[in-house]
>>> print(open('work-v4.pdb').read())   # PDB, C-alpha atoms
ATOM      1  CA  MET B 274     107.219 132.258 124.078
ATOM      2  CA  ALA B 275     106.521 128.927 125.761
ATOM      3  CA  MET B 276     104.891 126.209 123.674
ATOM      4  CA  SER B 277     101.464 124.989 124.754
ATOM      5  CA  GLU B 278     100.938 121.325 125.649
ATOM      6  CA  GLN B 279      98.727 120.923 122.599
ATOM      7  CA  GLU B 280     101.478 122.232 120.343
ATOM      8  CA  VAL B 281     103.985 119.870 121.926
ATOM      9  CA  LEU B 282     101.585 116.943 121.509
ATOM     10  CA  GLU B 283     101.043 117.814 117.851
ATOM     11  CA  LYS B 284     104.745 117.917 117.095
ATOM     12  CA  VAL B 285     105.440 114.744 119.076
ATOM     13  CA  SER B 286     102.611 113.060 117.234
ATOM     14  CA  GLY B 287     104.085 114.208 113.943
ATOM     15  CA  ALA B 288     107.469 112.750 114.834
ATOM     16  CA  LEU B 289     105.916 109.416 115.821
ATOM     17  CA  VAL B 290     103.767 109.232 112.685
ATOM     18  CA  GLU B 291     106.882 109.806 110.548
ATOM     19  CA  ALA B 292     109.190 107.480 112.425
ATOM     20  CA  LEU B 293     106.732 104.618 112.851
ATOM     21  CA  ASP B 294     104.659 105.065 109.685
ATOM     22  CA  LEU B 295     101.394 105.446 111.603
ATOM     23  CA  ASP B 296      98.041 107.051 111.033
ATOM     24  CA  GLU B 297      97.426 110.104 113.195
ATOM     25  CA  GLU B 298      94.534 108.407 114.987
ATOM     26  CA  ASP B 299      96.874 105.671 116.267
ATOM     27  CA  VAL B 300      98.738 108.197 118.384
ATOM     28  CA  THR B 301      96.745 108.400 121.616
ATOM     29  CA  ARG B 302      98.280 109.720 124.837
ATOM     30  CA  GLU B 303      98.234 106.335 126.529
ATOM     31  CA  ALA B 304      99.614 104.441 123.560
ATOM     32  CA  LYS B 305     102.797 102.549 124.424
ATOM     33  CA  LEU B 306     105.511 103.144 121.871
ATOM     34  CA  SER B 307     106.665  99.529 121.759
ATOM     35  CA  ALA B 308     103.642  97.413 122.649
ATOM     36  CA  ASP B 309     101.019  99.493 120.833
ATOM     37  CA  LEU B 310     102.871 101.417 118.141
ATOM     38  CA  GLY B 311     105.490  98.826 117.228
ATOM     39  CA  ALA B 312     108.610 100.859 118.006
ATOM     40  CA  GLU B 313     111.923  98.974 118.081
ATOM     41  CA  SER B 314     115.220 100.208 119.501
ATOM     42  CA  ILE B 315     116.354 101.827 116.235
ATOM     43  CA  ASP B 316     112.992 103.611 116.120
ATOM     44  CA  PHE B 317     113.693 105.189 119.500
ATOM     45  CA  LEU B 318     116.858 106.689 118.007
ATOM     46  CA  ASP B 319     114.901 107.858 114.959
ATOM     47  CA  ILE B 320     112.278 109.432 117.224
ATOM     48  CA  THR B 321     114.985 111.149 119.256
ATOM     49  CA  PHE B 322     116.523 112.660 116.117
ATOM     50  CA  ARG B 323     113.138 113.892 114.919
ATOM     51  CA  LEU B 324     112.302 115.412 118.320
ATOM     52  CA  GLU B 325     115.639 117.255 118.307
ATOM     53  CA  GLN B 326     114.784 118.736 114.936
ATOM     54  CA  ALA B 327     111.136 119.486 115.666
ATOM     55  CA  PHE B 328     111.826 121.287 118.925
ATOM     56  CA  ASN B 329     115.327 122.567 118.272
ATOM     57  CA  ILE B 330     116.644 120.841 121.415
ATOM     58  CA  LYS B 331     119.527 118.507 122.152
ATOM     59  CA  ILE B 332     118.747 115.070 123.555
ATOM     60  CA  PRO B 333     121.964 113.402 124.734
ATOM     61  CA  GLN B 334     122.113 109.618 124.682
ATOM     62  CA  GLY B 335     120.686 108.235 127.902
ATOM     63  CA  ASP B 336     118.312 111.147 128.492
ATOM     64  CA  LEU B 337     115.155 109.666 127.054
ATOM     65  CA  VAL B 338     115.975 106.015 127.660
ATOM     66  CA  PRO B 339     118.229 105.811 130.753
ATOM     67  CA  GLU B 340     121.387 103.786 130.383
ATOM     68  CA  GLY B 341     123.226 101.723 132.945
ATOM     69  CA  VAL B 342     120.179 100.893 135.031
ATOM     70  CA  LEU B 343     119.224  97.468 133.725
ATOM     71  CA  ASN B 344     122.674  95.916 134.002
ATOM     72  CA  ASP B 345     123.433  97.214 137.491
ATOM     73  CA  PRO B 346     122.936  94.540 140.171
ATOM     74  CA  GLN B 347     122.115  97.289 142.681
ATOM     75  CA  TYR B 348     119.058  98.152 140.613
ATOM     76  CA  VAL B 349     117.949  94.846 139.173
ATOM     77  CA  GLN B 350     117.683  91.511 140.962
ATOM     78  CA  ASN B 351     116.064  88.372 139.539
ATOM     79  CA  GLY B 352     114.560  90.258 136.652
ATOM     80  CA  LYS B 353     112.865  92.861 138.817
ATOM     81  CA  LEU B 354     113.860  96.347 139.828
ATOM     82  CA  THR B 355     114.912  96.740 143.445
ATOM     83  CA  ASP B 356     113.735  99.638 145.611
ATOM     84  CA  LYS B 357     117.022 101.331 144.836
ATOM     85  CA  GLY B 358     116.386 100.677 141.144
ATOM     86  CA  LEU B 359     112.940 102.204 141.291
ATOM     87  CA  ALA B 360     114.289 105.235 143.126
ATOM     88  CA  GLU B 361     116.976 105.630 140.459
ATOM     89  CA  LEU B 362     114.355 105.324 137.744
ATOM     90  CA  GLU B 363     112.278 108.053 139.358
ATOM     91  CA  VAL B 364     115.239 110.375 139.313
ATOM     92  CA  ARG B 365     116.241 109.558 135.745
ATOM     93  CA  MET B 366     112.711 109.509 134.330
ATOM     94  CA  PRO B 367     110.667 112.302 135.918
ATOM     95  CA  HIS B 368     108.687 112.331 132.695
ATOM     96  CA  ALA B 369     107.342 108.802 133.169
ATOM     97  CA  ASP B 370     104.422 107.545 135.234
ATOM     98  CA  LEU B 371     105.793 104.725 137.370
ATOM     99  CA  THR B 372     102.615 103.938 139.378
ATOM    100  CA  GLU B 373     101.581 100.867 137.422
ATOM    101  CA  PHE B 374     105.133  99.706 136.876
ATOM    102  CA  LYS B 375     105.819  99.730 140.629
ATOM    103  CA  GLN B 376     103.118  97.075 141.157
ATOM    104  CA  ASP B 377     105.240  94.624 139.211
ATOM    105  CA  PRO B 378     108.635  96.135 138.372
ATOM    106  CA  ASP B 379     109.519  93.426 135.876
ATOM    107  CA  VAL B 380     112.485  94.319 133.690
ATOM    108  CA  GLY B 381     110.640  92.892 130.680
ATOM    109  CA  LYS B 382     107.925  95.496 131.160
ATOM    110  CA  ILE B 383     110.164  98.518 131.322
ATOM    111  CA  MET B 384     109.465  99.593 127.743
ATOM    112  CA  ASP B 385     105.770  99.974 128.677
ATOM    113  CA  LEU B 386     106.830 103.123 130.534
ATOM    114  CA  PHE B 387     107.347 104.854 127.208
ATOM    115  CA  THR B 388     103.938 106.116 126.195
ATOM    116  CA  VAL B 389     103.109 109.093 124.001
ATOM    117  CA  ASP B 390     102.389 110.958 127.216
ATOM    118  CA  THR B 391     105.885 110.136 128.509
ATOM    119  CA  ILE B 392     107.394 111.682 125.384
ATOM    120  CA  VAL B 393     105.232 114.806 125.663
ATOM    121  CA  LYS B 394     106.284 115.296 129.293
ATOM    122  CA  PHE B 395     109.909 114.625 128.382
ATOM    123  CA  VAL B 396     109.854 117.330 125.705
ATOM    124  CA  GLN B 397     108.099 119.766 128.023
ATOM    125  CA  GLY B 398     110.810 119.158 130.595
ATOM    126  CA  LYS B 399     113.506 119.815 128.013
ATOM    127  CA  LEU B 400     111.848 122.994 126.802
ATOM    128  CA  ALA B 401     111.429 124.277 130.352
ATOM    129  CA  GLY B 402     115.022 123.405 131.186
ATOM    130  CA  GLU B 403     116.276 125.342 128.198
ATOM    131  CA  GLY B 404     114.446 128.489 129.293
ATOM    132  CA  GLY B 405     111.316 127.650 127.303
ATOM    133  CA  ALA B 406     113.128 128.117 123.991
ATOM    134  CA  SER B 407     110.924 127.621 120.958
TER     135      SER B 407
ATOM    136  CA  MET Z 116     130.183  88.627  92.057
ATOM    137  CA  ARG Z 117     131.142  91.439  94.391
ATOM    138  CA  TRP Z 118     128.554  93.115  96.547
ATOM    139  CA  ILE Z 119     129.297  96.643  95.389
ATOM    140  CA  TRP Z 120     126.475  98.693  94.048
ATOM    141  CA  ILE Z 121     128.232 101.989  93.354
ATOM    142  CA  ASP Z 122     130.875 102.533  90.673
ATOM    143  CA  ARG Z 123     132.461 105.817  91.618
ATOM    144  CA  PHE Z 124     132.100 108.721  94.021
ATOM    145  CA  VAL Z 125     131.530 112.021  92.220
ATOM    146  CA  ALA Z 126     131.284 114.247  95.286
ATOM    147  CA  PHE Z 127     132.370 113.886  98.878
ATOM    148  CA  GLU Z 128     132.104 116.501 101.590
ATOM    149  CA  PRO Z 129     133.264 114.808 104.805
ATOM    150  CA  GLY Z 130     130.595 114.809 107.478
ATOM    151  CA  ARG Z 131     127.990 116.401 105.243
ATOM    152  CA  ARG Z 132     127.115 114.882 101.902
ATOM    153  CA  ALA Z 133     128.274 112.571  99.183
ATOM    154  CA  ALA Z 134     127.245 111.493  95.717
ATOM    155  CA  ALA Z 135     128.101 108.299  93.872
ATOM    156  CA  ILE Z 136     127.157 106.935  90.469
ATOM    157  CA  LYS Z 137     126.184 103.474  89.326
ATOM    158  CA  ASN Z 138     125.967 102.448  85.703
ATOM    159  CA  VAL Z 139     123.245  99.928  84.894
ATOM    160  CA  SER Z 140     124.465  97.366  82.392
ATOM    161  CA  LEU Z 141     122.654  94.572  80.560
ATOM    162  CA  ALA Z 142     125.709  92.444  81.289
ATOM    163  CA  GLU Z 143     124.789  92.350  84.986
ATOM    164  CA  GLU Z 144     123.527  88.891  85.912
ATOM    165  CA  HIS Z 145     120.639  89.930  88.129
ATOM    166  CA  LEU Z 146     119.019  91.724  85.198
ATOM    167  CA  HIS Z 147     118.787  88.493  83.230
ATOM    168  CA  ASP Z 148     116.109  87.295  85.634
ATOM    169  CA  HIS Z 149     114.665  90.642  86.665
ATOM    170  CA  TRP Z 150     113.030  90.387  84.304
ATOM    171  CA  GLU Z 151     113.979  88.391  81.279
ATOM    172  CA  ALA Z 152     111.566  90.177  78.965
ATOM    173  CA  PHE Z 153     111.879  93.563  80.641
ATOM    174  CA  PRO Z 154     115.132  94.129  82.505
ATOM    175  CA  ILE Z 155     114.870  96.725  85.258
ATOM    176  CA  MET Z 156     117.142  97.620  88.140
ATOM    177  CA  PRO Z 157     115.642  96.145  91.337
ATOM    178  CA  ALA Z 158     114.612  98.777  93.862
ATOM    179  CA  SER Z 159     116.231  96.743  96.629
ATOM    180  CA  LEU Z 160     119.614  97.144  94.935
ATOM    181  CA  MET Z 161     119.091 100.869  94.530
ATOM    182  CA  ILE Z 162     118.384 101.069  98.245
ATOM    183  CA  GLU Z 163     121.609  99.131  98.763
ATOM    184  CA  GLY Z 164     123.476 101.571  96.496
ATOM    185  CA  MET Z 165     122.226 104.454  98.599
ATOM    186  CA  ALA Z 166     123.103 102.528 101.750
ATOM    187  CA  GLN Z 167     126.663 102.057 100.529
ATOM    188  CA  THR Z 168     126.984 105.729  99.562
ATOM    189  CA  ALA Z 169     125.478 106.981 102.825
ATOM    190  CA  GLY Z 170     127.166 104.306 104.933
ATOM    191  CA  ILE Z 171     130.623 105.292 103.718
ATOM    192  CA  LEU Z 172     129.761 108.948 104.320
ATOM    193  CA  VAL Z 173     128.724 108.150 107.876
ATOM    194  CA  GLY Z 174     131.648 105.809 108.523
ATOM    195  CA  GLN Z 175     134.184 108.327 107.278
ATOM    196  CA  ALA Z 176     132.588 111.025 109.456
ATOM    197  CA  ARG Z 177     133.654 108.974 112.456
ATOM    198  CA  ASP Z 178     137.021 107.954 110.991
ATOM    199  CA  PHE Z 179     135.842 104.414 110.324
ATOM    200  CA  LYS Z 180     136.215 103.706 114.048
ATOM    201  CA  GLU Z 181     133.071 101.605 114.107
ATOM    202  CA  LYS Z 182     131.210  99.131 111.991
ATOM    203  CA  VAL Z 183     128.357 101.050 110.435
ATOM    204  CA  ILE Z 184     125.389  98.912 109.512
ATOM    205  CA  LEU Z 185     122.078  99.684 107.909
ATOM    206  CA  ALA Z 186     119.428  99.546 110.631
ATOM    207  CA  LYS Z 187     116.314 101.124 109.192
ATOM    208  CA  ILE Z 188     114.905 102.116 105.828
ATOM    209  CA  ALA Z 189     112.806 105.096 106.874
ATOM    210  CA  ARG Z 190     111.688 105.888 103.381
ATOM    211  CA  ALA Z 191     112.181 104.405  99.925
ATOM    212  CA  GLN Z 192     110.248 105.741  96.996
ATOM    213  CA  PHE Z 193     110.907 105.406  93.258
ATOM    214  CA  ASP Z 194     108.896 107.169  90.622
ATOM    215  CA  ARG Z 195     109.985 105.273  87.538
ATOM    216  CA  ASP Z 196     111.772 102.167  86.366
ATOM    217  CA  VAL Z 197     115.538 102.206  85.857
ATOM    218  CA  VAL Z 198     116.770 100.323  82.797
ATOM    219  CA  PRO Z 199     120.052  99.182  81.213
ATOM    220  CA  GLY Z 200     122.027 102.116  79.905
ATOM    221  CA  ASP Z 201     120.852 104.422  82.690
ATOM    222  CA  GLN Z 202     123.321 106.058  85.038
ATOM    223  CA  ILE Z 203     122.077 106.280  88.606
ATOM    224  CA  THR Z 204     123.352 108.950  91.000
ATOM    225  CA  TYR Z 205     122.895 108.463  94.730
ATOM    226  CA  GLN Z 206     123.066 111.744  96.623
ATOM    227  CA  ALA Z 207     123.212 111.341 100.388
ATOM    228  CA  ASP Z 208     123.126 113.957 103.149
ATOM    229  CA  ILE Z 209     123.761 113.365 106.832
ATOM    230  CA  ALA Z 210     120.652 114.558 108.661
ATOM    231  CA  ASN Z 211     121.823 113.614 112.132
ATOM    232  CA  ILE Z 212     124.728 111.747 113.671
ATOM    233  CA  SER Z 213     125.374 110.669 117.246
ATOM    234  CA  GLU Z 214     127.475 108.216 119.221
ATOM    235  CA  SER Z 215     125.206 105.318 118.459
ATOM    236  CA  ALA Z 216     123.431 106.072 115.208
ATOM    237  CA  ALA Z 217     123.139 108.225 112.106
ATOM    238  CA  ALA Z 218     120.241 109.304 109.914
ATOM    239  CA  THR Z 219     120.659 110.158 106.228
ATOM    240  CA  THR Z 220     118.359 111.575 103.610
ATOM    241  CA  GLY Z 221     118.937 110.905  99.951
ATOM    242  CA  THR Z 222     117.839 111.546  96.408
ATOM    243  CA  VAL Z 223     118.163 109.036  93.586
ATOM    244  CA  LEU Z 224     118.682 110.552  90.152
ATOM    245  CA  VAL Z 225     118.745 108.851  86.780
ATOM    246  CA  ASN Z 226     120.638 110.571  84.005
ATOM    247  CA  GLY Z 227     120.488 113.714  86.136
ATOM    248  CA  GLU Z 228     116.753 113.632  86.797
ATOM    249  CA  PRO Z 229     115.438 113.035  90.368
ATOM    250  CA  ILE Z 230     113.381 109.839  90.427
ATOM    251  CA  GLY Z 231     113.384 108.738  94.032
ATOM    252  CA  ARG Z 232     113.992 109.355  97.705
ATOM    253  CA  VAL Z 233     115.715 107.003 100.132
ATOM    254  CA  ASP Z 234     116.069 107.943 103.821
ATOM    255  CA  LEU Z 235     118.062 105.600 106.040
ATOM    256  CA  MET Z 236     119.257 105.022 109.580
ATOM    257  CA  PHE Z 237     122.536 103.390 110.494
ATOM    258  CA  SER Z 238     123.646 101.881 113.753
ATOM    259  CA  HIS Z 239     127.229 102.148 114.984
ATOM    260  CA  ILE Z 240     127.382  98.656 116.314
ATOM    261  CA  ASP Z 241     130.587  98.883 118.264
ATOM    262  CA  GLN Z 242     128.777 101.424 120.424
ATOM    263  CA  ASN Z 243     125.587  99.434 120.735
ATOM    264  CA  LEU Z 244     126.705  95.855 121.138
ATOM    265  CA  THR Z 245     129.748  95.972 123.375
ATOM    266  CA  GLY Z 246     131.099  92.581 124.177
ATOM    267  CA  THR Z 247     129.545  90.806 121.201
ATOM    268  CA  GLU Z 248     132.061  89.038 119.002
ATOM    269  CA  PHE Z 249     132.345  90.100 115.379
ATOM    270  CA  PRO Z 250     134.726  88.913 112.695
ATOM    271  CA  GLU Z 251     138.132  90.576 112.770
ATOM    272  CA  GLU Z 252     137.912  92.374 109.447
ATOM    273  CA  ASN Z 253     135.686  95.409 109.319
ATOM    274  CA  PHE Z 254     133.311  93.682 106.970
ATOM    275  CA  VAL Z 255     131.552  96.851 105.912
ATOM    276  CA  PHE Z 256     134.498  98.984 104.897
ATOM    277  CA  THR Z 257     136.460  96.642 102.671
ATOM    278  CA  GLY Z 258     139.421  97.544 100.487
ATOM    279  CA  GLN Z 259     137.322  98.316  97.457
ATOM    280  CA  PHE Z 260     135.364 100.964  99.323
ATOM    281  CA  GLU Z 261     138.596 102.524 100.505
ATOM    282  CA  ARG Z 262     139.782 102.738  96.914
ATOM    283  CA  LEU Z 263     136.568 104.504  95.905
ATOM    284  CA  LEU Z 264     137.102 107.117  98.547
ATOM    285  CA  ALA Z 265     140.835 107.630  98.094
ATOM    286  CA  PRO Z 266     140.674 110.412  95.462
ATOM    287  CA  PHE Z 267     138.601 112.541  97.813
ATOM    288  CA  LEU Z 268     140.599 112.075 100.939
ATOM    289  CA  GLU Z 269     144.175 112.340  99.757
ATOM    290  CA  GLY Z 270     144.128 116.100  99.409
ATOM    291  CA  GLY Z 271     142.886 115.948  95.818
ATOM    292  CA  ASP Z 272     140.183 118.311  94.623
ATOM    293  CA  ALA Z 273     138.273 115.610  92.786
TER     294      ALA Z 273
END
>>> encode(input="work-v4.pdb", output="structure tokens")
Amino acid sequence: MAMSEQEVLEKVSGALVEALDLDEEDVTREAKLSADLGAESIDFLDITFRLEQAFNIKIPQGDLVPEGVLNDPQYVQNGKLTDKGLAELEVRMPHADLTEFKQDPDVGKIMDLFTVDTIVKFVQGKLAGEGGAS
Amino acid sequence: MRWIWIDRFVAFEPGRRAAAIKNVSLAEEHLHDHWEAFPIMPASLMIEGMAQTAGILVGQARDFKEKVILAKIARAQFDRDVVPGDQITYQADIANISESAAATTGTVLVNGEPIGRVDLMFSHIDQNLTGTEFPEENFVFTGQFERLLAPFLEGGDA
């Protein structure tokens, strides 16, 4: 049976609270993992492990945080993403909301794309892709 | 003084779990100051003991191909003081392991009784920092760690 969005949010929230030592109230949908919740790169790996366990899914490296985009001169020029880069990001991160980022596609701001909402959508995508396995 | 905070492995299941013991002795220098009137094993060094136990477990699981370094202390909790004469056991389990990182959970026992939990994350830095220069010797897995592990990996049923 497919998991409801609320259930997904609860489990994602649980994983974030554990990984980042937060209070439940800190985890709002718009909260940015790095800027607001203090997540560092090792925390993203911790979160990935906990999501795998919570949802019984596999998250290969590069799925949640795309690799090979930031160091490709086709995609990044002078510290900003090119049109090609943005297009690539849209393909690789269907779970993220790129509207604000597109206004100023500064490489330094790329981590702001990872909000709680992004994670929820990412997990939903995974669950749907795996036939809605619970 | 050598930076080794485990004395002997007592269990080793490659890729899964390991246990190592550490004997706390009044002859150890750090106890003379911590604290002079009431010597107790510093929690930071017990975390290090677990990190060495779990780090070797993780490193061996990937054939020591990479430098495994402690990247995050997810949890460290101790319920009582550990004093000279105690024997600490660090039991570590691999919770998750990937190309770039590993997560371990662990129990700290004293004289057989559980007294703490230490959960850690390690980074496989050869995978994460390509191109960065590091000293030639694999500074984490030195000879003395290899000697600790030898009885378990040479076909013995230790």
>>> axis_aligned_box(input="work-v4.pdb", around="range 307-314 of chain B", padding_each_side="8 Å", output="lines of an AutoDock Vina configuration file")
center_x = 108.1
center_y = 99.4
center_z = 119.9
size_x = 30.2
size_y = 20.0
size_z = 21.4
>>> atom_distance(input="work-v4.pdb", atom1="CA of Glu373 in chain B", atom2="CA of Ser307 in chain B")
16.5 Å
>>> atom_distance(input="work-v4.pdb", atom1="CA of Pro333 in chain B", atom2="CA of Ile392 in chain B")
14.7 Å
>>> interface_residues(input="work-v4.pdb", of="chain Z", to="chain B", cutoff="10 Å", atoms="all atoms listed in the file", output="PDB file with C-alpha atoms, in the coordinates of the input")
ATOM      1  CA  ALA Z 186     119.428  99.546 110.631  1.00  0.00           C
ATOM      2  CA  LYS Z 187     116.314 101.124 109.192  1.00  0.00           C
ATOM      3  CA  ALA Z 189     112.806 105.096 106.874  1.00  0.00           C
ATOM      4  CA  ARG Z 190     111.688 105.888 103.381  1.00  0.00           C
ATOM      5  CA  ALA Z 210     120.652 114.558 108.661  1.00  0.00           C
ATOM      6  CA  ASN Z 211     121.823 113.614 112.132  1.00  0.00           C
ATOM      7  CA  ILE Z 212     124.728 111.747 113.671  1.00  0.00           C
ATOM      8  CA  SER Z 213     125.374 110.669 117.246  1.00  0.00           C
ATOM      9  CA  GLU Z 214     127.475 108.216 119.221  1.00  0.00           C
ATOM     10  CA  SER Z 215     125.206 105.318 118.459  1.00  0.00           C
ATOM     11  CA  ALA Z 216     123.431 106.072 115.208  1.00  0.00           C
ATOM     12  CA  ALA Z 217     123.139 108.225 112.106  1.00  0.00           C
ATOM     13  CA  ALA Z 218     120.241 109.304 109.914  1.00  0.00           C
ATOM     14  CA  LEU Z 235     118.062 105.600 106.040  1.00  0.00           C
ATOM     15  CA  MET Z 236     119.257 105.022 109.580  1.00  0.00           C
ATOM     16  CA  PHE Z 237     122.536 103.390 110.494  1.00  0.00           C
ATOM     17  CA  SER Z 238     123.646 101.881 113.753  1.00  0.00           C
TER      18      SER Z 238
END
>>> resolve_selection(input="work-v4.pdb", expression="the PyMOL selection byres ((chain Z and resi 196-202) around 12)", output="ChimeraX atom specification")
/Z:121-123,135-147,149-150,153-158,160-161,192-195,203-205,223-231
>>> resolve_selection(input="work-v4.pdb", expression="the PyMOL selection byres ((chain Z and resi 183) around 9)", output="mmCIF file with C-alpha atoms, keeping the file's coordinate frame")
data_model
loop_
_atom_site.group_PDB
_atom_site.id
_atom_site.type_symbol
_atom_site.label_atom_id
_atom_site.label_comp_id
_atom_site.auth_asym_id
_atom_site.auth_seq_id
_atom_site.Cartn_x
_atom_site.Cartn_y
_atom_site.Cartn_z
ATOM 1 C CA GLY Z 170 127.166 104.306 104.933
ATOM 2 C CA ILE Z 171 130.623 105.292 103.718
ATOM 3 C CA VAL Z 173 128.724 108.150 107.876
ATOM 4 C CA GLY Z 174 131.648 105.809 108.523
ATOM 5 C CA PHE Z 179 135.842 104.414 110.324
ATOM 6 C CA GLU Z 181 133.071 101.605 114.107
ATOM 7 C CA LYS Z 182 131.210 99.131 111.991
ATOM 8 C CA ILE Z 184 125.389 98.912 109.512
ATOM 9 C CA LEU Z 185 122.078 99.684 107.909
ATOM 10 C CA ALA Z 216 123.431 106.072 115.208
ATOM 11 C CA PHE Z 237 122.536 103.390 110.494
ATOM 12 C CA SER Z 238 123.646 101.881 113.753
ATOM 13 C CA HIS Z 239 127.229 102.148 114.984
ATOM 14 C CA ILE Z 240 127.382 98.656 116.314
ATOM 15 C CA ASP Z 241 130.587 98.883 118.264
ATOM 16 C CA VAL Z 255 131.552 96.851 105.912
ATOM 17 C CA PHE Z 256 134.498 98.984 104.897
#
>>> resolve_selection(input="work-v4.pdb", expression="the PyMOL selection byres ((chain B and resi 365) around 10)", output="short mmCIF file (atom, residue, chain, number, x, y, z; two decimals) with C-alpha atoms, keeping the file's coordinate frame")
data_model
loop_
_atom_site.label_atom_id
_atom_site.label_comp_id
_atom_site.auth_asym_id
_atom_site.auth_seq_id
_atom_site.Cartn_x
_atom_site.Cartn_y
_atom_site.Cartn_z
CA GLY B 335 120.69 108.24 127.90
CA ASP B 336 118.31 111.15 128.49
CA LEU B 337 115.16 109.67 127.05
CA VAL B 338 115.98 106.02 127.66
CA PRO B 339 118.23 105.81 130.75
CA GLU B 340 121.39 103.79 130.38
CA VAL B 342 120.18 100.89 135.03
CA LEU B 359 112.94 102.20 141.29
CA ALA B 360 114.29 105.24 143.13
CA GLU B 361 116.98 105.63 140.46
CA LEU B 362 114.36 105.32 137.74
CA GLU B 363 112.28 108.05 139.36
CA VAL B 364 115.24 110.38 139.31
CA MET B 366 112.71 109.51 134.33
CA PRO B 367 110.67 112.30 135.92
CA HIS B 368 108.69 112.33 132.70
CA ALA B 369 107.34 108.80 133.17
#
>>> residues_around(input="work-v4.pdb", residues="Glu303 in chain B", least_positions_apart="2", cutoff="12 Å", atoms="only C-alpha atoms", output="PDB file with C-alpha atoms, in the frame of the given file")
ATOM      1  CA  ASP B 299      96.874 105.671 116.267  1.00  0.00           C
ATOM      2  CA  VAL B 300      98.738 108.197 118.384  1.00  0.00           C
ATOM      3  CA  THR B 301      96.745 108.400 121.616  1.00  0.00           C
ATOM      4  CA  LYS B 305     102.797 102.549 124.424  1.00  0.00           C
ATOM      5  CA  LEU B 306     105.511 103.144 121.871  1.00  0.00           C
ATOM      6  CA  SER B 307     106.665  99.529 121.759  1.00  0.00           C
ATOM      7  CA  ALA B 308     103.642  97.413 122.649  1.00  0.00           C
ATOM      8  CA  ASP B 309     101.019  99.493 120.833  1.00  0.00           C
ATOM      9  CA  LEU B 310     102.871 101.417 118.141  1.00  0.00           C
ATOM     10  CA  ALA B 369     107.342 108.802 133.169  1.00  0.00           C
ATOM     11  CA  ASP B 370     104.422 107.545 135.234  1.00  0.00           C
ATOM     12  CA  ASP B 385     105.770  99.974 128.677  1.00  0.00           C
ATOM     13  CA  LEU B 386     106.830 103.123 130.534  1.00  0.00           C
ATOM     14  CA  PHE B 387     107.347 104.854 127.208  1.00  0.00           C
ATOM     15  CA  THR B 388     103.938 106.116 126.195  1.00  0.00           C
ATOM     16  CA  VAL B 389     103.109 109.093 124.001  1.00  0.00           C
ATOM     17  CA  ASP B 390     102.389 110.958 127.216  1.00  0.00           C
ATOM     18  CA  THR B 391     105.885 110.136 128.509  1.00  0.00           C
ATOM     19  CA  ILE B 392     107.394 111.682 125.384  1.00  0.00           C
ATOM     20  CA  VAL B 393     105.232 114.806 125.663  1.00  0.00           C
TER      21      VAL B 393
END
>>> residues_around(input="work-v4.pdb", residues="Gly381 in chain B", least_positions_apart="5", cutoff="12 Å", atoms="only C-alpha atoms", output="list in words")
Ser307, Ala308, Leu343, Val349, Asn351, Gly352, Lys353, Leu354, Phe374 and Leu386 of chain B
>>> atom_distance(input="work-v4.pdb", atom1="CA of Ile383 in chain B", atom2="CA of Val285 in chain B")
20.9 Å
>>> closest_residue(input="work-v4.pdb", among="B:Glu313, B:Leu400, B:Ile330, B:Val380", to="Asp345 in chain B", atoms="all atoms listed in the file")
B:Val380
>>> closest_residue(input="work-v4.pdb", among="Z:Leu172, Z:Glu151, Z:Arg117, Z:Glu163", to="Glu261 in chain Z", atoms="all atoms listed in the file")
Z:Leu172
>>> residues_near_point(input="work-v4.pdb", point="(98.2, 115.6, 124.1)", cutoff="6 Å", atoms="all atoms listed in the file", output="number ranges by chain")
B: 279, 282, 302
